[in-house]
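A quick write-up on the structure given underneath.
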Amino acid sequence: MTEIYEAIKRSAKRIKEAIEFDDTGYSENINATGDTQLKLDIKSDQIIEEEFAKVASIKEIISEEKEEKTPLHVEGIYGVGYDPLDGSSLIDVNLSVGSIFGIYEGGYAGANLKAAVYVVYGPRVELVIAEQDVKMYRMNKSGEFVFIKTIELKEKGKLNAPGSTQMCWEPKHKALMDAIFADGYRLRYSGGMVPDLHQILLKGGGLFSYPATSDVPKGKLRMIFEVFPFAFVYEKAGGEAIDGQRRILELSPSHPHDTTPCFFGSKAEIERVKKCYE
Ligand SMILES: O=P(O)(O)OC[C@H]1O[C@](O)(COP(=O)(O)O)[C@@H](O)[C@@H]1O
Ligand SMILES: [Mg+2]
Ligand SMILES: [Mg+2]
């Protein structure tokens, strides 16, 4: 697993430079979920594929930015599902973005996740690795990642990150969001899943939701590349991740680009979601 983490660190350094200095314009390509790809989406994907190709333990990779899997090493044991550049549309307004990685063994069901990693490209570049626990690292002047701390969620938090648009929410979801804000939770939502979830982890807790909505009834966020890895991180940090009723990590995609409604948070907030969606 260490050689995979090292490949992610090498990728992060190269992607950071691409974000800072490369063209942030759109390509002519559309990805499997119908998003027009930024040149940076494609470049980040290429960088990660190059770095993973050097890791013998990776059998295959599957990217949010590619329709199909890419075989790497026949003797490998892991499948890595990743979103090379999440929230990329925020780059041209200079907001934080991220890369998300799920390291699977035996297929891409939530139960097959062995580790999850994400990188935040913000005022500082930070890397979080979840295996047995959740460890946070920060890139220093020499480009090395230095261990900062282990991340643990409190039982209850103060932040609420409500995804999508209010006009698309189900009435019960709107009522739940209103009740949470009425209890004094602070609205913290940038439209970038990685910094939004990272903030809740670092501030000790709260709720991030991207529910089933009238425009995306199955949710917007992708199981393999985005939702399973963060569900793994949140559970290892002492929180929970559900689709409204079921534990996220008990789900299995029928198609590599399948999405799911998702709620990530501290236990107290997830209890409120369960009551709302029962
Ligand atoms: O603007 P919305 O509908 O709330 O969606 C925001 C969500 O979409 C995303 O930007 C999707 O990410 P991609 O850039 O990988 O498509 C997430 O980062 C974020 O949580
Ligand atoms: Mg994404
Ligand atoms: Mg993306």
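Ordering of the structure tokens sets the chain letters (A, B, ...); residue numbers start at 1 within each chain; ligands are numbered from 1 in the order shown.
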
Near Phe230 (chain A), counting only C-alpha atoms, which residues have an atom at most 9 Å away, once you skip same-chain residues fewer than 2 positions from it, shown as a PyMOL selection string?
-> chain A and resi 100+102+116-118+194+197+226-228+232-235+241+264

Per-residue nearest contacts of region 142-255 of chain A to region 133-137 of chain A (12 Å; only C-alpha atoms) as a Markdown table:
| residue | atom | partner | partner_atom | distance |
| --- | --- | --- | --- | --- |
| A:Gly143 | CA | A:Tyr137 | CA | 11.5 |
| A:Glu144 | CA | A:Tyr137 | CA | 9.2 |
| A:Phe145 | CA | A:Tyr137 | CA | 5.5 |
| A:Val146 | CA | A:Tyr137 | CA | 5.1 |
| A:Phe147 | CA | A:Tyr137 | CA | 4.3 |
| A:Ile148 | CA | A:Tyr137 | CA | 5.2 |
| A:Lys149 | CA | A:Met136 | CA | 5.5 |
| A:Thr150 | CA | A:Lys135 | CA | 4.5 |
| A:Ile151 | CA | A:Val134 | CA | 5.4 |
| A:Glu152 | CA | A:Val134 | CA | 7.5 |
| A:Leu153 | CA | A:Val134 | CA | 10.2 |
| A:His198 | CA | A:Met136 | CA | 10.2 |
| A:Leu201 | CA | A:Val134 | CA | 9.9 |
| A:Leu202 | CA | A:Met136 | CA | 9.6 |
| A:Pro229 | CA | A:Val134 | CA | 12.0 |
| A:Phe230 | CA | A:Val134 | CA | 11.1 |
| A:Phe232 | CA | A:Val134 | CA | 9.6 |
| A:Val233 | CA | A:Val134 | CA | 6.6 |
| A:Tyr234 | CA | A:Val134 | CA | 8.6 |
| A:Glu235 | CA | A:Asp133 | CA | 9.2 |
| A:Lys236 | CA | A:Asp133 | CA | 5.4 |
| A:Ala237 | CA | A:Val134 | CA | 5.9 |
| A:Gly238 | CA | A:Asp133 | CA | 9.1 |
| A:Gly239 | CA | A:Val134 | CA | 11.5 |

Long-range neighbours of region 52-64 of chain A as a PyMOL selection string, 8 Å cut-off, only C-alpha atoms, 3 positions minimum in chain | chain A and resi 1+3-4+7-8+31-32+45+48-49+67-84+225+257

Output file for the selection above: N, CA, C and O atoms, as a compact mmCIF listing (two decimals), in the first residue's frame:
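Output (again_9.txt):
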# COMPACT_ATOMS: atom_id res chain seq x y z
N MET A 1 0.84 -1.21 0.00
CA MET A 1 0.00 0.00 0.00
C MET A 1 0.88 1.26 0.00
O MET A 1 0.54 2.25 -0.64
N GLU A 3 3.59 1.97 -1.54
CA GLU A 3 4.03 2.43 -2.87
C GLU A 3 2.88 3.15 -3.60
O GLU A 3 3.11 4.03 -4.43
N ILE A 4 1.65 2.81 -3.25
CA ILE A 4 0.49 3.52 -3.85
C ILE A 4 0.43 4.92 -3.26
O ILE A 4 0.26 5.92 -3.99
N ALA A 7 2.99 7.06 -4.86
CA ALA A 7 2.59 7.45 -6.22
C ALA A 7 1.58 8.60 -6.16
O ALA A 7 1.62 9.53 -6.99
N ILE A 8 0.70 8.56 -5.16
CA ILE A 8 -0.28 9.65 -4.99
C ILE A 8 0.42 10.94 -4.61
O ILE A 8 0.11 12.02 -5.14
N ASN A 31 -17.03 13.52 -20.40
CA ASN A 31 -16.69 12.27 -19.69
C ASN A 31 -17.92 11.37 -19.56
O ASN A 31 -19.01 11.70 -20.04
N ALA A 32 -17.75 10.24 -18.90
CA ALA A 32 -18.80 9.19 -18.87
C ALA A 32 -20.06 9.67 -18.17
O ALA A 32 -21.13 9.12 -18.37
N ASP A 45 -5.62 13.36 -14.86
CA ASP A 45 -5.85 11.92 -15.05
C ASP A 45 -4.61 11.26 -15.66
O ASP A 45 -4.18 10.19 -15.23
N ILE A 48 -1.82 10.90 -13.00
CA ILE A 48 -2.06 9.81 -12.05
C ILE A 48 -1.83 8.46 -12.71
O ILE A 48 -1.19 7.56 -12.14
N GLU A 49 -2.28 8.33 -13.95
CA GLU A 49 -2.07 7.05 -14.65
C GLU A 49 -0.58 6.77 -14.83
O GLU A 49 -0.10 5.64 -14.59
N GLU A 67 -14.34 6.16 -19.43
CA GLU A 67 -15.48 5.24 -19.45
C GLU A 67 -15.12 3.88 -18.85
O GLU A 67 -15.80 3.33 -18.02
N GLU A 68 -13.98 3.35 -19.32
CA GLU A 68 -13.61 1.96 -18.97
C GLU A 68 -12.40 1.89 -18.03
O GLU A 68 -11.65 2.85 -17.88
N LYS A 69 -12.21 0.69 -17.47
CA LYS A 69 -11.01 0.41 -16.65
C LYS A 69 -9.76 0.41 -17.52
O LYS A 69 -9.84 0.16 -18.72
N THR A 70 -8.59 0.66 -16.89
CA THR A 70 -7.29 0.56 -17.57
C THR A 70 -6.46 -0.51 -16.86
O THR A 70 -6.09 -0.31 -15.70
N PRO A 71 -6.18 -1.66 -17.52
CA PRO A 71 -5.33 -2.67 -16.86
C PRO A 71 -3.89 -2.17 -16.74
O PRO A 71 -3.41 -1.49 -17.64
N LEU A 72 -3.25 -2.47 -15.60
CA LEU A 72 -1.86 -2.04 -15.41
C LEU A 72 -0.90 -3.22 -15.25
O LEU A 72 -0.07 -3.47 -16.10
N HIS A 73 -1.03 -3.97 -14.14
CA HIS A 73 -0.06 -5.06 -13.89
C HIS A 73 -0.80 -6.36 -13.59
O HIS A 73 -1.54 -6.44 -12.60
N VAL A 74 -0.60 -7.35 -14.43
CA VAL A 74 -1.37 -8.60 -14.32
C VAL A 74 -1.16 -9.26 -12.95
O VAL A 74 -2.06 -9.89 -12.41
N GLU A 75 0.02 -9.03 -12.35
CA GLU A 75 0.28 -9.67 -11.06
C GLU A 75 -0.17 -8.77 -9.90
O GLU A 75 -0.02 -9.10 -8.72
N GLY A 76 -0.77 -7.63 -10.22
CA GLY A 76 -1.20 -6.72 -9.16
C GLY A 76 -2.39 -7.27 -8.38
O GLY A 76 -3.08 -8.19 -8.83
N ILE A 77 -2.65 -6.67 -7.21
CA ILE A 77 -3.80 -7.14 -6.40
C ILE A 77 -4.87 -6.05 -6.21
O ILE A 77 -6.02 -6.35 -5.95
N TYR A 78 -4.50 -4.78 -6.36
CA TYR A 78 -5.46 -3.72 -6.07
C TYR A 78 -6.06 -3.11 -7.34
O TYR A 78 -5.39 -3.00 -8.37
N GLY A 79 -7.32 -2.69 -7.20
CA GLY A 79 -7.96 -1.84 -8.21
C GLY A 79 -8.09 -0.46 -7.58
O GLY A 79 -8.58 -0.35 -6.44
N VAL A 80 -7.64 0.57 -8.27
CA VAL A 80 -7.76 1.92 -7.71
C VAL A 80 -8.78 2.71 -8.51
O VAL A 80 -8.67 2.84 -9.73
N GLY A 81 -9.83 3.17 -7.79
CA GLY A 81 -10.84 4.03 -8.40
C GLY A 81 -10.58 5.45 -7.95
O GLY A 81 -10.36 5.68 -6.76
N TYR A 82 -10.58 6.40 -8.89
CA TYR A 82 -10.20 7.75 -8.44
C TYR A 82 -10.88 8.84 -9.27
O TYR A 82 -11.29 8.64 -10.42
N ASP A 83 -11.02 9.99 -8.61
CA ASP A 83 -11.44 11.21 -9.29
C ASP A 83 -10.21 12.10 -9.34
O ASP A 83 -9.79 12.61 -8.30
N PRO A 84 -9.61 12.26 -10.50
CA PRO A 84 -8.33 12.95 -10.55
C PRO A 84 -8.38 14.41 -10.11
O PRO A 84 -7.44 14.92 -9.50
N PHE A 225 -15.63 6.59 -7.19
CA PHE A 225 -14.53 7.57 -7.21
C PHE A 225 -14.63 8.60 -6.09
O PHE A 225 -13.64 9.26 -5.76
N HIS A 257 -19.81 4.03 -13.22
CA HIS A 257 -20.05 5.46 -12.99
C HIS A 257 -21.35 5.72 -12.23
O HIS A 257 -21.85 6.84 -12.20

How would you write, as a PyMOL selection string, the set of residues no farther than 9 Å from ligand 1 when counting only C-alpha atoms and all ligand atoms?
-> chain A and resi 33+35+41+64-65+83-90+97-99+162-165+189-197+208-210+220-222+225-226

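One distance worth recording is that between CA of Ala231 (chain A) and CA of Ile200 (chain A), which is 13.2 Å.
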
Quick one, how far is CA of Arg124 (chain A) from CA of Phe21 (chain A)?
-> 15.9 Å

Who sits within 12 Å of Glu17 (chain A), only C-alpha atoms, same chain under 2 positions skipped, as a VMD selection string = chain A and resid 10 to 15 19 to 23 40 43 to 44 47 121 125 143

From region 88-175 of chain A, collect each residue whose DSSP state is strand (DSSP E) and return the set as a ChimeraX atom specification.
-> /A:97-104,113-121,125-130,134-139,145-150,159-162

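Take the candidates A:Ser252, A:Met177, A:Gln37, A:Cys276 and check each one against ligand 2 using only C-alpha atoms and all ligand atoms; the shortest distance goes to A:Gln37.
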
Just list the residues in region 134-183 of chain A DSSP gives helix (DSSP H, G or I) on the backbone, as a PyMOL selection string.
-> chain A and resi 166-168+171-182

Selection file, C-alpha atoms, as an mmCIF file, in the first residue's frame:
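Now in out_9.cif:
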data_model
loop_
_atom_site.group_PDB
_atom_site.id
_atom_site.type_symbol
_atom_site.label_atom_id
_atom_site.label_comp_id
_atom_site.auth_asym_id
_atom_site.auth_seq_id
_atom_site.Cartn_x
_atom_site.Cartn_y
_atom_site.Cartn_z
ATOM 1 C CA GLN A 166 -33.065 24.012 -2.585
ATOM 2 C CA MET A 167 -35.656 23.970 -5.396
ATOM 3 C CA CYS A 168 -34.594 20.382 -6.207
ATOM 4 C CA PRO A 171 -39.773 18.638 1.103
ATOM 5 C CA LYS A 172 -38.563 16.350 3.927
ATOM 6 C CA HIS A 173 -34.939 17.169 3.071
ATOM 7 C CA LYS A 174 -35.701 20.903 3.058
ATOM 8 C CA ALA A 175 -37.375 20.544 6.471
ATOM 9 C CA LEU A 176 -34.317 18.690 7.814
ATOM 10 C CA MET A 177 -31.910 21.377 6.531
ATOM 11 C CA ASP A 178 -34.095 24.157 7.989
ATOM 12 C CA ALA A 179 -34.219 22.384 11.385
ATOM 13 C CA ILE A 180 -30.429 21.931 11.449
ATOM 14 C CA PHE A 181 -29.842 25.608 10.636
ATOM 15 C CA ALA A 182 -32.476 26.589 13.239
#

Taking only C-alpha atoms into account, which of A:Glu155, A:Glu250, A:Asp183, A:Asp215 comes nearest Ser266 (chain A)?
->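 Using only C-alpha atoms, the shortest distance to Ser266 (chain A) belongs to A:Glu155.
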
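The shortest atom-to-atom distance to Lys267 (chain A), with only C-alpha atoms taken into account, belongs to A:Leu207 out of A:Val216, A:Val119, A:Leu207, A:Leu249.
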
Test item: residues at most 6 Å from Pro261 (chain A), only C-alpha atoms, excluding those fewer than 2 positions along its chain, as a compact mmCIF listing (two decimals) with C-alpha atoms, in the first residue's frame:
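Result went into selection_6.txt, see below:
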# COMPACT_ATOMS: atom_id res chain seq x y z
CA TYR A 210 -25.93 15.40 -1.47
CA PRO A 211 -29.43 13.87 -1.47
CA ALA A 212 -31.68 12.40 -4.14
CA LYS A 218 -29.98 8.88 -7.85
CA GLY A 219 -27.75 11.66 -6.49
CA ASP A 243 -27.52 6.94 1.51

Point out the residue among A:Leu127, A:Met223, A:Cys262, A:Ile242 with the least atom-to-atom distance to ligand 2, counting only C-alpha atoms and all ligand atoms.
->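 Smallest distance to ligand 2 is found for A:Met223.
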
Just the residues within 7 Å of Glu269 (chain A), please, counting only C-alpha atoms, with nothing from its chain fewer than 4 positions along; format it as a list in words.
-> Lys156, Gly206, Leu207, Gly265 and Val273 of chain A
